[in-house]
Amino acid sequence: MDAFTQKCVEFFKHDRFATNAGISIVEARPGYAKVEMTVQDSHLNGANVLHGGAIFTMADFAFAIASNSHGRVALSINASINFVKAVKVGTKVSATAKELSIGHKLGVYEMEIRNEATGELTATMQGTVYRKDDTLPGF
């Protein structure tokens, strides 16, 4: 794991919701992040497929890492998700976040959630962050 990714892992270990959901950071660099999770029984909805909230959580965590990777506190002000394909228990899924635009106060990001084994698209998400003047410790 490279030094930048390790710095992100260290900072985001305090994200208790993502940690409890079983999501781990795979890669991070300025304006980009990749996270992954293996779908467990606790991630399933009533139809026995990956819950939309779990998918959103993964994408939102990648979004948080990518948008905060410049060392300034960035908080989501808008996010929209589209679910494309169902995922079952035991499947490893990943979410990537890519910066599309960054300014002094706003940043725009695009996320993709994929089945790691097949590469199939599971969902897409778009989001905007508000960039505060506060800096992140360790960045």
# chains A, B, ... in the order shown; residues from 1 in each chain; ligands from 1
>>> residues_around(residues="Lys132 (chain A)", least_positions_apart="3", cutoff="10 Å", atoms="only C-alpha atoms", output="number ranges by chain")
A: 72-75, 104-106, 129, 135
>>> write_last_selection(atoms="N, CA and C atoms", output="mmCIF file, in the first residue's frame")
data_model
loop_
_atom_site.group_PDB
_atom_site.id
_atom_site.type_symbol
_atom_site.label_atom_id
_atom_site.label_comp_id
_atom_site.auth_asym_id
_atom_site.auth_seq_id
_atom_site.Cartn_x
_atom_site.Cartn_y
_atom_site.Cartn_z
ATOM 1 N N ARG A 72 -8.568 19.295 2.799
ATOM 2 C CA ARG A 72 -9.592 20.205 3.338
ATOM 3 C C ARG A 72 -10.849 19.409 3.623
ATOM 4 N N VAL A 73 -11.537 19.783 4.692
ATOM 5 C CA VAL A 73 -12.787 19.114 5.035
ATOM 6 C C VAL A 73 -13.793 19.348 3.912
ATOM 7 N N ALA A 74 -14.331 18.250 3.389
ATOM 8 C CA ALA A 74 -15.332 18.295 2.325
ATOM 9 C C ALA A 74 -16.537 17.485 2.784
ATOM 10 N N LEU A 75 -17.708 18.093 2.737
ATOM 11 C CA LEU A 75 -18.936 17.443 3.197
ATOM 12 C C LEU A 75 -19.960 17.415 2.074
ATOM 13 N N HIS A 104 -12.836 26.260 -5.329
ATOM 14 C CA HIS A 104 -12.522 26.687 -3.969
ATOM 15 C C HIS A 104 -13.563 26.183 -2.966
ATOM 16 N N LYS A 105 -14.843 26.221 -3.333
ATOM 17 C CA LYS A 105 -15.901 25.831 -2.392
ATOM 18 C C LYS A 105 -16.646 24.549 -2.754
ATOM 19 N N LEU A 106 -16.658 24.146 -4.022
ATOM 20 C CA LEU A 106 -17.425 22.969 -4.434
ATOM 21 C C LEU A 106 -16.560 21.965 -5.189
ATOM 22 N N VAL A 129 -19.741 18.140 -3.154
ATOM 23 C CA VAL A 129 -19.325 18.462 -1.793
ATOM 24 C C VAL A 129 -19.122 19.961 -1.644
ATOM 25 N N THR A 135 -8.778 22.319 7.712
ATOM 26 C CA THR A 135 -7.889 21.293 7.170
ATOM 27 C C THR A 135 -8.032 19.998 7.974
#
>>> residues_around(residues="Ile77 (chain A)", least_positions_apart="2", cutoff="12 Å", atoms="only C-alpha atoms", output="PyMOL selection string")
chain A and resi 60+63-64+67+74-75+79-80+105-109+126-132
>>> residues_around(residues="Thr96 (chain A)", least_positions_apart="4", cutoff="9 Å", atoms="only C-alpha atoms", output="ChimeraX atom specification")
/A:32-36,58-59,62-63,66,110-114
>>> select_by_dssp(residues="chain A", states="strand (DSSP E)", output="ChimeraX atom specification")
/A:24-29,32-38,72-83,92-102,106-115,121-135
>>> atom_distance(atom1="CA of Gly53 (chain A)", atom2="CA of Leu100 (chain A)")
23.9 Å
>>> atom_distance(atom1="CA of Gly103 (chain A)", atom2="CA of His70 (chain A)")
11.5 Å
>>> residues_around(residues="Phe61 (chain A)", least_positions_apart="6", cutoff="9 Å", atoms="only C-alpha atoms", output="PDB file with C-alpha atoms, in the first residue's frame")
ATOM      1  CA  ASP A  15     -15.382   6.308  10.136  1.00  0.00           C
ATOM      2  CA  ALA A  18     -17.992   2.239   7.077  1.00  0.00           C
ATOM      3  CA  ILE A  23     -15.771  -1.625   3.882  1.00  0.00           C
ATOM      4  CA  ALA A  33     -10.563   6.479  -4.123  1.00  0.00           C
ATOM      5  CA  VAL A  35     -13.038   0.801  -1.544  1.00  0.00           C
ATOM      6  CA  ALA A  95     -16.785   1.446  -5.342  1.00  0.00           C
ATOM      7  CA  ALA A  97     -14.894   7.751  -6.769  1.00  0.00           C
TER       8      ALA A  97
END
